[in-house]
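Novice: Here you go, query26.txt (compact mmCIF, C-alpha atoms):
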# COMPACT_ATOMS: atom_id res chain seq x y z
CA MET A 1 -40.25 -90.24 -61.03
CA THR A 2 -42.38 -89.32 -64.04
CA SER A 3 -44.99 -87.24 -62.36
CA PRO A 4 -44.40 -83.56 -63.14
CA THR A 5 -45.70 -82.54 -59.70
CA GLY A 6 -43.25 -84.90 -58.08
CA ARG A 7 -40.41 -83.40 -60.11
CA VAL A 8 -41.35 -79.88 -59.05
CA TYR A 9 -41.39 -80.92 -55.37
CA ALA A 10 -38.06 -82.71 -55.78
CA THR A 11 -36.48 -79.68 -57.45
CA ALA A 12 -37.79 -77.30 -54.76
CA LEU A 13 -36.52 -79.60 -52.02
CA THR A 14 -33.11 -79.79 -53.72
CA PHE A 15 -32.89 -75.98 -53.89
CA PHE A 16 -33.99 -75.68 -50.24
CA VAL A 17 -31.38 -78.16 -49.05
CA PHE A 18 -28.70 -76.42 -51.18
CA PHE A 19 -29.42 -72.95 -49.70
CA LEU A 20 -29.64 -74.35 -46.17
CA THR A 21 -26.20 -75.93 -46.63
CA TRP A 22 -24.79 -72.72 -48.13
CA ALA A 23 -26.13 -70.64 -45.22
CA PHE A 24 -24.65 -73.07 -42.71
CA VAL A 25 -21.26 -73.00 -44.34
CA ALA A 26 -21.33 -69.17 -44.67
CA ALA A 27 -22.10 -68.77 -40.94
CA HIS A 28 -18.80 -70.43 -39.82
CA PRO A 29 -20.23 -71.97 -36.65
CA TRP A 30 -17.02 -73.94 -36.03
CA PRO A 31 -13.95 -72.36 -34.33
CA THR A 32 -11.36 -71.06 -36.73
CA SER A 33 -7.66 -71.34 -36.20
CA ALA A 34 -7.43 -67.50 -36.05
CA ALA A 35 -9.93 -67.30 -33.16
CA ALA A 36 -8.28 -70.13 -31.36
CA ALA A 37 -4.90 -68.33 -31.44
CA PRO A 38 -5.43 -64.52 -30.89
CA ASP A 39 -3.12 -62.03 -32.57
CA PRO A 40 0.02 -61.61 -30.39
CA ARG A 41 0.09 -57.90 -31.24
CA LEU A 42 -3.38 -57.49 -29.71
CA LYS A 43 -2.21 -59.40 -26.64
CA ALA A 44 0.81 -57.14 -26.28
CA LEU A 45 -1.36 -54.05 -26.76
CA ALA A 46 -3.77 -55.17 -24.04
CA ALA A 47 -0.90 -55.93 -21.70
CA ARG A 48 0.61 -52.54 -22.41
CA GLU A 49 -2.74 -50.86 -21.74
CA GLN A 50 -2.99 -52.63 -18.40
CA LYS A 51 0.56 -51.61 -17.51
CA LEU A 52 -0.10 -47.98 -18.44
CA ARG A 53 -3.29 -48.00 -16.42
CA ARG A 54 -1.41 -49.26 -13.37
CA GLU A 55 1.37 -46.72 -13.86
CA SER A 56 -1.18 -43.92 -14.28
CA ILE A 57 -2.86 -44.82 -10.98
CA ALA A 58 0.53 -44.95 -9.25
CA THR A 59 1.52 -41.58 -10.75
CA GLN A 60 -1.77 -40.02 -9.65
CA ARG A 61 -1.13 -41.27 -6.12
CA ILE A 62 2.37 -39.72 -6.12
CA VAL A 63 1.11 -36.42 -7.55
CA LYS A 64 -1.69 -36.30 -4.98
CA ARG A 65 0.73 -36.98 -2.13
CA ARG A 66 3.21 -34.36 -3.36
CA TRP A 67 0.41 -31.80 -3.96
CA ALA A 68 -0.79 -32.29 -0.41
CA ALA A 69 2.78 -31.85 0.89
CA TYR A 70 3.19 -28.72 -1.26
CA GLN A 71 -0.11 -27.28 -0.01
CA ALA A 72 0.95 -27.89 3.58
CA GLN A 73 4.34 -26.22 2.98
CA LEU A 74 2.65 -23.30 1.18
CA ALA A 75 0.20 -22.79 4.03
CA GLU A 76 3.07 -22.86 6.52
CA ARG A 77 5.11 -20.39 4.42
CA ASN A 78 2.10 -18.08 4.01
CA SER A 79 1.48 -18.10 7.73
CA GLN A 80 5.18 -17.30 8.31
CA LEU A 81 4.98 -14.41 5.83
CA ALA A 82 1.76 -13.11 7.40
CA ALA A 83 3.37 -13.28 10.85
CA ALA A 84 6.46 -11.47 9.57
CA GLU A 85 4.34 -8.78 7.89
CA ALA A 86 2.23 -8.34 11.01
CA ALA A 87 5.38 -8.05 13.11
CA ALA A 88 6.83 -5.54 10.66
CA ALA A 89 3.61 -3.51 10.69
CA ALA A 90 3.43 -3.55 14.47
CA ALA A 91 7.08 -2.76 14.96
CA PRO A 92 7.93 0.92 14.96
CA PRO A 93 10.41 2.18 12.39
CA ALA A 94 14.00 2.12 13.65
CA ALA A 95 14.96 5.60 14.73
CA PRO A 96 18.20 7.20 13.61
CA SER A 97 20.88 8.12 16.11
CA VAL A 98 19.94 11.23 18.11
CA GLN A 99 21.36 13.05 21.12
CA ILE A 100 20.79 16.26 23.04
CA VAL A 101 23.59 18.78 22.46
CA SER A 102 24.43 22.28 23.55
CA GLN A 103 25.82 23.46 20.21
CA PRO A 104 24.18 26.13 18.09
CA ALA A 105 21.42 24.72 15.90
CA ALA A 106 21.69 24.71 12.12
CA THR A 107 17.91 25.02 11.85
CA ALA A 108 14.76 24.85 13.97
CA THR A 109 11.62 22.78 13.74
CA SER A 110 8.14 24.14 14.31
CA SER A 111 4.60 22.87 13.91
CA SER A 112 4.04 22.17 10.24
CA MET B 1 27.64 26.06 4.15
CA THR B 2 25.14 27.36 1.61
CA ARG B 3 21.55 28.27 2.54
CA ARG B 4 18.48 29.01 0.44
CA THR B 5 14.98 29.88 1.66
CA PHE B 6 11.75 30.21 -0.30
CA ARG B 7 7.99 29.76 0.07
CA ALA B 8 6.31 26.57 -1.08
CA MET B 9 3.39 24.40 0.08
CA GLY B 10 2.12 27.22 2.28
CA THR B 11 5.24 27.31 4.42
CA ASP B 12 8.82 28.53 4.58
CA VAL B 13 11.29 26.05 3.13
CA GLU B 14 14.96 26.11 4.05
CA LEU B 15 17.70 24.25 2.20
CA LEU B 16 21.14 23.81 3.76
CA VAL B 17 24.02 22.15 2.00
CA GLN B 18 27.61 21.81 3.07
CA ALA B 19 29.28 22.66 -0.21
CA ALA B 20 30.95 25.76 -1.53
CA GLU B 21 29.24 25.62 -4.91
CA ALA B 22 25.75 24.17 -4.88
CA ASP B 23 23.62 26.59 -6.88
CA GLY B 24 22.57 23.90 -9.33
CA GLY B 25 21.54 21.48 -6.58
CA LEU B 26 19.71 24.18 -4.64
CA ALA B 27 17.82 25.31 -7.75
CA ALA B 28 16.87 21.72 -8.59
CA ALA B 29 15.69 21.04 -5.03
CA GLU B 30 13.59 24.21 -5.03
CA ALA B 31 12.11 23.30 -8.42
CA GLU B 32 11.20 19.89 -7.01
CA PHE B 33 9.22 21.55 -4.21
CA HIS B 34 7.26 23.71 -6.65
CA ARG B 35 6.62 20.72 -8.94
CA LEU B 36 5.27 18.62 -6.06
CA GLU B 37 3.19 21.53 -4.75
CA ARG B 38 1.44 21.77 -8.12
CA LEU B 39 0.56 18.05 -7.89
CA LEU B 40 -0.37 17.72 -4.23
CA THR B 41 -2.09 20.96 -3.21
CA ARG B 42 -5.80 20.87 -2.43
CA PHE B 43 -6.13 24.60 -3.05
CA ASP B 44 -5.60 24.41 -6.82
CA PRO B 45 -8.51 22.77 -8.69
CA ALA B 46 -6.12 21.78 -11.46
CA SER B 47 -3.75 19.82 -9.21
CA GLU B 48 -3.67 16.05 -9.52
CA LEU B 49 -4.95 15.71 -5.96
CA SER B 50 -7.89 18.04 -6.63
CA GLN B 51 -8.73 16.07 -9.78
CA LEU B 52 -8.77 12.87 -7.73
CA ASN B 53 -10.97 14.44 -5.07
CA GLU B 54 -13.35 15.79 -7.70
CA LYS B 55 -13.67 12.66 -9.84
CA GLY B 56 -13.35 10.02 -7.12
CA SER B 57 -10.88 7.99 -9.18
CA LEU B 58 -7.79 8.81 -11.17
CA GLU B 59 -4.94 7.16 -13.06
CA ALA B 60 -2.35 8.84 -10.88
CA GLY B 61 1.23 9.82 -11.58
CA PRO B 62 4.06 8.26 -9.58
CA ASP B 63 4.29 11.00 -6.96
CA LEU B 64 0.61 11.15 -6.00
CA LEU B 65 0.56 7.36 -6.04
CA GLU B 66 3.53 7.12 -3.70
CA VAL B 67 2.24 9.73 -1.27
CA VAL B 68 -1.17 8.06 -1.10
CA ARG B 69 0.53 4.70 -0.54
CA HIS B 70 2.55 6.18 2.35
CA ALA B 71 -0.60 7.78 3.76
CA LEU B 72 -2.56 4.52 3.66
CA ALA B 73 0.34 2.63 5.23
CA GLY B 74 0.47 5.30 7.92
CA ARG B 75 -3.26 4.96 8.56
CA SER B 76 -2.77 1.24 9.02
CA GLU B 77 0.34 1.54 11.24
CA THR B 78 -1.23 4.14 13.53
CA ALA B 79 -4.55 2.31 13.80
CA GLY B 80 -6.32 5.16 12.02
CA ARG B 81 -4.97 8.06 14.07
CA PHE B 82 -3.18 9.33 10.99
CA ASP B 83 -5.80 9.48 8.25
CA PRO B 84 -5.64 11.20 4.85
CA THR B 85 -9.44 11.20 4.50
CA VAL B 86 -9.83 14.21 6.83
CA HIS B 87 -10.20 16.63 3.89
CA ASP B 88 -13.88 17.44 4.40
CA ALA B 89 -13.47 17.68 8.18
CA VAL B 90 -10.66 20.23 7.78
CA VAL B 91 -12.75 22.23 5.33
CA GLU B 92 -15.83 22.07 7.58
CA ALA B 93 -13.70 23.29 10.47
CA GLY B 94 -12.99 26.40 8.41
CA TYR B 95 -9.66 25.64 6.73
CA ASP B 96 -11.21 25.96 3.26
CA ARG B 97 -8.58 28.14 1.60
CA THR B 98 -4.86 28.72 1.95
CA PHE B 99 -3.93 29.54 5.51
CA GLY B 100 -2.83 33.05 4.57
CA GLU B 101 -6.30 33.80 3.20
CA LEU B 102 -8.25 32.55 6.23
CA PRO B 103 -10.32 35.25 7.96
CA ASP B 104 -9.54 35.88 11.63
CA ASP B 105 -12.99 34.72 12.71
CA GLY B 106 -16.16 33.38 11.14
CA PRO B 107 -19.40 31.47 11.67
CA VAL B 108 -19.72 28.35 13.80
CA PRO B 109 -18.33 25.31 11.93
CA ALA B 110 -20.54 22.33 11.14
CA ALA B 111 -20.54 19.36 13.49
CA GLY B 112 -17.88 16.67 13.05
CA THR B 113 -17.54 15.27 9.56
CA PRO B 114 -17.05 11.51 9.19
CA CYS B 115 -13.54 10.33 8.25
CA GLY B 116 -12.04 6.96 7.48
CA GLY B 117 -13.63 6.24 4.08
CA ALA B 118 -12.12 3.67 1.77
CA VAL B 119 -9.24 4.53 -0.56
CA ARG B 120 -8.19 1.80 -2.98
CA ILE B 121 -5.12 1.55 -5.18
CA ASP B 122 -5.14 -0.80 -8.16
CA GLY B 123 -2.02 -0.42 -10.26
CA ASN B 124 -1.90 3.30 -11.03
CA LEU B 125 -5.59 3.77 -10.34
CA ILE B 126 -6.61 5.45 -7.09
CA GLU B 127 -10.27 5.09 -6.18
CA LEU B 128 -12.11 6.89 -3.40
CA ASP B 129 -15.41 5.80 -1.90
CA ASP B 130 -18.36 8.08 -2.59
CA GLY B 131 -17.99 11.35 -0.71
CA VAL B 132 -14.39 10.62 0.36
CA ARG B 133 -11.76 13.28 -0.29
CA ILE B 134 -8.16 13.23 0.86
CA ASP B 135 -5.80 15.88 2.18
CA LEU B 136 -2.06 15.31 1.79
CA GLY B 137 -0.92 18.65 3.23
CA GLY B 138 1.33 17.41 6.01
CA ILE B 139 2.62 14.20 4.48
CA GLY B 140 3.11 16.01 1.16
CA LYS B 141 5.61 18.32 2.83
CA GLY B 142 7.46 15.36 4.33
CA TYR B 143 7.53 13.67 0.93
CA ALA B 144 8.76 16.83 -0.80
CA ALA B 145 11.47 17.30 1.85
CA GLU B 146 12.73 13.76 1.22
CA LYS B 147 12.68 14.15 -2.57
CA ALA B 148 14.44 17.51 -2.40
CA ALA B 149 17.04 16.14 0.03
CA THR B 150 17.79 13.26 -2.34
CA ILE B 151 18.41 15.76 -5.14
CA LEU B 152 20.44 18.13 -2.99
CA ALA B 153 22.56 15.32 -1.55
CA ALA B 154 24.34 15.09 -4.88
CA ALA B 155 25.93 18.46 -4.06
CA GLY B 156 26.93 17.50 -0.52
CA PRO B 157 25.64 16.75 2.99
CA CYS B 158 22.31 18.54 3.28
CA LEU B 159 19.26 19.36 5.34
CA VAL B 160 15.81 20.27 4.00
CA ASN B 161 13.37 21.94 6.38
CA ALA B 162 9.81 22.26 5.04
CA GLY B 163 8.18 24.24 7.83
CA GLY B 164 9.17 21.73 10.49
CA ASP B 165 9.30 18.56 8.37
CA ILE B 166 13.03 17.94 8.12
CA ALA B 167 14.98 15.50 5.94
CA LEU B 168 18.72 14.97 6.50
CA ARG B 169 21.53 13.52 4.44
CA GLY B 170 25.23 12.95 4.90
CA ILE B 171 26.35 14.25 8.31
CA PRO B 172 24.89 14.83 11.78
CA TRP B 173 22.85 18.07 11.89
CA THR B 174 21.79 20.12 14.91
CA ILE B 175 18.12 21.08 15.13
CA ALA B 176 16.47 23.32 17.70
CA VAL B 177 13.28 21.68 18.93
CA GLN B 178 12.60 24.02 21.85
CA PRO B 179 14.32 27.25 22.91
CA GLN B 180 16.52 25.28 25.35
CA LEU B 181 16.58 21.97 23.54
CA THR B 182 18.78 21.17 20.55
CA LEU B 183 19.10 17.70 19.06
CA GLU B 184 21.83 16.31 16.89
CA LEU B 185 20.56 13.84 14.31
CA ALA B 186 22.65 11.56 12.16
CA GLY B 187 20.36 10.90 9.21
CA GLY B 188 16.67 10.13 9.07
CA GLY B 189 13.96 12.72 9.47
CA LEU B 190 12.15 14.83 12.03
CA ALA B 191 8.70 16.39 12.06
CA THR B 192 6.63 18.49 14.42
CA SER B 193 2.85 18.58 14.52
CA GLY B 194 1.00 21.01 16.71
CA ARG B 195 -1.89 23.33 17.24
CA ASP B 196 0.27 26.40 17.81
CA ARG B 197 0.73 27.37 14.18
CA ARG B 198 -2.20 26.60 11.85
CA ALA B 199 -4.94 27.71 14.23
CA TRP B 200 -7.90 30.06 13.68
CA ARG B 201 -11.10 31.10 15.41
CA ARG B 202 -14.74 30.47 14.59
CA ALA B 203 -17.44 32.09 16.74
CA GLY B 204 -14.74 32.81 19.28
CA ARG B 205 -13.67 29.16 19.49
CA GLU B 206 -10.06 28.30 18.70
CA LEU B 207 -9.72 25.63 16.03
CA HIS B 208 -6.73 23.96 14.35
CA HIS B 209 -5.90 21.70 11.44
CA LEU B 210 -5.13 18.47 13.33
CA ILE B 211 -8.36 16.56 12.92
CA ASP B 212 -9.22 13.61 15.14
CA PRO B 213 -10.61 11.06 12.64
CA VAL B 214 -12.83 9.58 15.35
CA THR B 215 -14.77 12.80 15.99
CA GLY B 216 -14.13 14.53 12.66
CA GLU B 217 -13.25 17.70 14.57
CA PRO B 218 -10.00 19.41 15.58
CA ALA B 219 -8.42 17.18 18.22
CA ALA B 220 -9.09 18.18 21.80
CA CYS B 221 -5.99 16.83 23.55
CA ASP B 222 -3.59 18.14 26.16
CA LEU B 223 -0.64 18.54 23.77
CA LEU B 224 0.50 21.74 22.14
CA ARG B 225 2.87 19.99 19.76
CA ALA B 226 4.71 16.73 19.24
CA THR B 227 8.12 16.28 17.61
CA VAL B 228 9.13 12.86 16.32
CA ILE B 229 12.43 11.51 14.99
CA ALA B 230 12.04 8.67 12.48
CA PRO B 231 13.91 7.04 9.60
CA ASP B 232 12.57 9.69 7.21
CA ALA B 233 10.49 12.86 7.21
CA ILE B 234 7.40 11.02 5.91
CA GLN B 235 7.39 8.56 8.82
CA ALA B 236 8.16 11.38 11.23
CA GLU B 237 5.18 13.39 9.93
CA ILE B 238 2.84 10.39 10.25
CA TRP B 239 3.91 9.59 13.80
CA ALA B 240 3.97 13.23 14.92
CA LYS B 241 0.28 13.55 13.99
CA ALA B 242 -0.59 10.18 15.49
CA LEU B 243 1.17 11.01 18.77
CA PHE B 244 -0.39 14.45 18.98
CA LEU B 245 -3.83 12.86 18.79
CA ALA B 246 -2.91 10.26 21.42
CA GLY B 247 -2.36 12.88 24.11
CA SER B 248 0.62 13.22 26.42
CA HIS B 249 0.21 10.14 28.64
CA ALA B 250 -0.44 7.68 25.83
CA ALA B 251 2.21 9.34 23.63
CA VAL B 252 4.92 8.96 26.29
CA ALA B 253 4.00 5.34 26.94
CA GLU B 254 3.93 4.59 23.22
CA ALA B 255 7.22 6.35 22.55
CA ASP B 256 8.94 4.50 25.41
CA ALA B 257 7.57 1.17 24.23
CA GLN B 258 8.67 1.78 20.64
CA GLN B 259 11.98 3.43 21.67
CA LEU B 260 11.35 6.22 19.17
CA PRO B 261 12.70 9.59 20.34
CA ARG B 262 9.98 12.17 20.81
CA VAL B 263 9.62 15.61 22.33
CA LEU B 264 6.15 16.45 23.59
CA VAL B 265 5.08 19.89 24.71
CA THR B 266 1.85 20.09 26.66
CA ARG B 267 -0.59 22.98 26.53
CA SER B 268 0.51 23.93 30.03
CA GLY B 269 4.05 24.42 28.69
CA GLU B 270 5.65 21.28 30.10
CA THR B 271 8.23 19.57 27.87
CA ARG B 272 8.36 15.79 28.08
CA LEU B 273 11.08 13.69 26.47
CA ALA B 274 10.25 10.13 25.57
CA GLY B 275 11.47 7.14 23.58
CA GLY B 276 14.93 7.09 25.10
CA LEU B 277 15.61 10.83 24.75
CA GLY B 278 15.28 11.60 28.44
Would you give me this structure, written as structure tokens?
Specialist:
Amino acid sequence: MTSPTGRVYATALTFFVFFLTWAFVAAHPWPTSAAAAPDPRLKALAAREQKLRRESIATQRIVKRRWAAYQAQLAERNSQLAAAEAAAAAAPPAAPSVQIVSQPAATATSSS
Amino acid sequence: MTRRTFRAMGTDVELLVQAAEADGGLAAAEAEFHRLERLLTRFDPASELSQLNEKGSLEAGPDLLEVVRHALAGRSETAGRFDPTVHDAVVEAGYDRTFGELPDDGPVPAAGTPCGGAVRIDGNLIELDDGVRIDLGGIGKGYAAEKAATILAAAGPCLVNAGGDIALRGIPWTIAVQPQLTLELAGGGLATSGRDRRAWRRAGRELHHLIDPVTGEPAACDLLRATVIAPDAIQAEIWAKALFLAGSHAAVAEADAQQLPRVLVTRSGETRLAGGLG
């Protein structure tokens, strides 16, 4: 090819094809060996996360169940205390031992 | 037996102790009465009680705090028949100065003054609702009798009689309740409330210091006085006032139901024993 115009077109086409090839290679459209075989540490981490998530849910269930049992016991205890306090308030104070005697009195009471 | 008498809290106080040498204990017990009188009297504007009544709230000392606590518990236990908030009602009825200074007669008292206002205790702080003032005259004597008896008991078995509010320690003591009626008490306390001692006249009408919190006026009941035996003189004072206000029929029924020994004297002169005494 001796025509200068033809040479310019040929050169431009060569450059275009070169950059197209370079872009294709840089994009890695084919699967790599790393992607095909994921990192075992990541796998273990994911498995551990799943396990922890399951354990967390189980723990929350246990805590919820025990909290409910505690609340029920607390309510029962509070009602027992309230009943005991009410009974104590209603009950008269226990009187000391007293009897009528015919001995001389040590002192006398009168309206205060 | 050693005996000492003196005046405190507007009444005659008698200390008895079964010990040959008890001067120190007797002096300390008497000093305790005067100390508590300075705190609890409503007739001295400088007393802690007067300061509380004037300001409506006060960081109280341990004694005022304890007496007010007892008074509020008593109000609750007696369904309001014992009430420390009768101060203004007592004053309106004419008992506005020490009993010894009261004139024989005077103008007609104002109509019943409301009682039953709120008294709150928060830590050491006592707060009164607006317009509420408290009177600790009776229960103060019971409290002082108990405190003095605790001090005197170090010297030996003792009895403290604060004008009818009696605290006992150590041994059974004999106490004349009526001319023909003597009781022997082993511990605890005894108190008598009645209209036959702190009474006065206004416009010819006989009035007394036992205010019915419902009417805000001196109680109009059929009893002359009520004597109650209880675990201590404070409880006895509370229940003596509450029973007096209940009247003879209700007081007998209540005493029998509670099995608390009581001696009731009606205005007609009849003596009724209740609560297992008869």
Novice: Give me, as a PyMOL selection string, the residues of chain A touching chain B, with the criterion being at most 6 Å (counting only C-alpha atoms).
Specialist: chain A and resi 92+95-101+105-112
Novice: For atom CA of Glu59 of chain B and atom CA of Gly117 of chain B, determine how far apart the two atoms are, in Å to one decimal place.
Specialist: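 Distance between the two atoms: 19.2 Å.
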Novice: Near Gly56 of chain B, counting only C-alpha atoms, which residues have an atom at most 10 Å away, once you skip same-chain residues fewer than 4 positions from it, shown as a ChimeraX atom specification?
Specialist: /B:50-52,119,126-133
Novice: May I have the residues at most 12 Å from (-2.0, 19.9, -9.4) in the file's coordinates, counting all atoms listed in the file, as a PyMOL selection string?
Specialist: chain B and resi 9+34-53+60-61+63-64
Novice: Please provide the set of residues having any atom within 10 Å of Met1 of chain B, restricted to all atoms listed in the file, with same-chain residues fewer than 5 positions apart removed, written as a list in words.
Specialist: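 Counting all atoms listed in the file, the residues come to Leu16, Val17, Gln18, Ala19, Ala20, Glu21, Ala22, Gly156, Pro157 and Cys158 of chain B.
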Novice: Save out the residues we just selected, C-alpha atoms, as a tab-separated table (two decimals), keeping the file's coordinate frame.
Specialist:
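Okay, this is what ended up in part_36.tsv:
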chain	number	residue	atom	x	y	z
B	16	LEU	CA	21.14	23.81	3.76
B	17	VAL	CA	24.02	22.15	2.00
B	18	GLN	CA	27.61	21.81	3.07
B	19	ALA	CA	29.28	22.66	-0.21
B	20	ALA	CA	30.95	25.76	-1.53
B	21	GLU	CA	29.24	25.62	-4.91
B	22	ALA	CA	25.75	24.17	-4.88
B	156	GLY	CA	26.93	17.50	-0.52
B	157	PRO	CA	25.64	16.75	2.99
B	158	CYS	CA	22.31	18.54	3.28
Novice: Atom CA of Trp22 of chain A and atom CA of Ala10 of chain A, how far apart in Å?
Specialist: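 Pair atom CA of Ala10 of chain A / atom CA of Trp22 of chain A returns 18.3 Å.
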Novice: Report, in Å with one decimal, the straight-line distance from atom CA of Thr2 of chain B to atom CA of Ala154 of chain B.
Specialist: 13.9 Å
Novice: Pick the closest to Lys147 of chain B from B:Asp88, B:Val263, B:Ala251, B:Ile234: which is it, counting only C-alpha atoms?
Specialist: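 Among the listed residues, B:Ile234 lies closest to Lys147 of chain B.
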Novice: Find the residues around Thr215 of chain B up to 10 Å (all atoms listed in the file counted), leave out those fewer than 4 positions away in its own chain, and share them as a list of chain:residue names.
Specialist: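 Everything that qualifies: B:Ala89, B:Ala111, B:Gly112, B:Thr113, B:Pro114, B:Cys115, B:Ile211, B:Ala219, B:Ala220.
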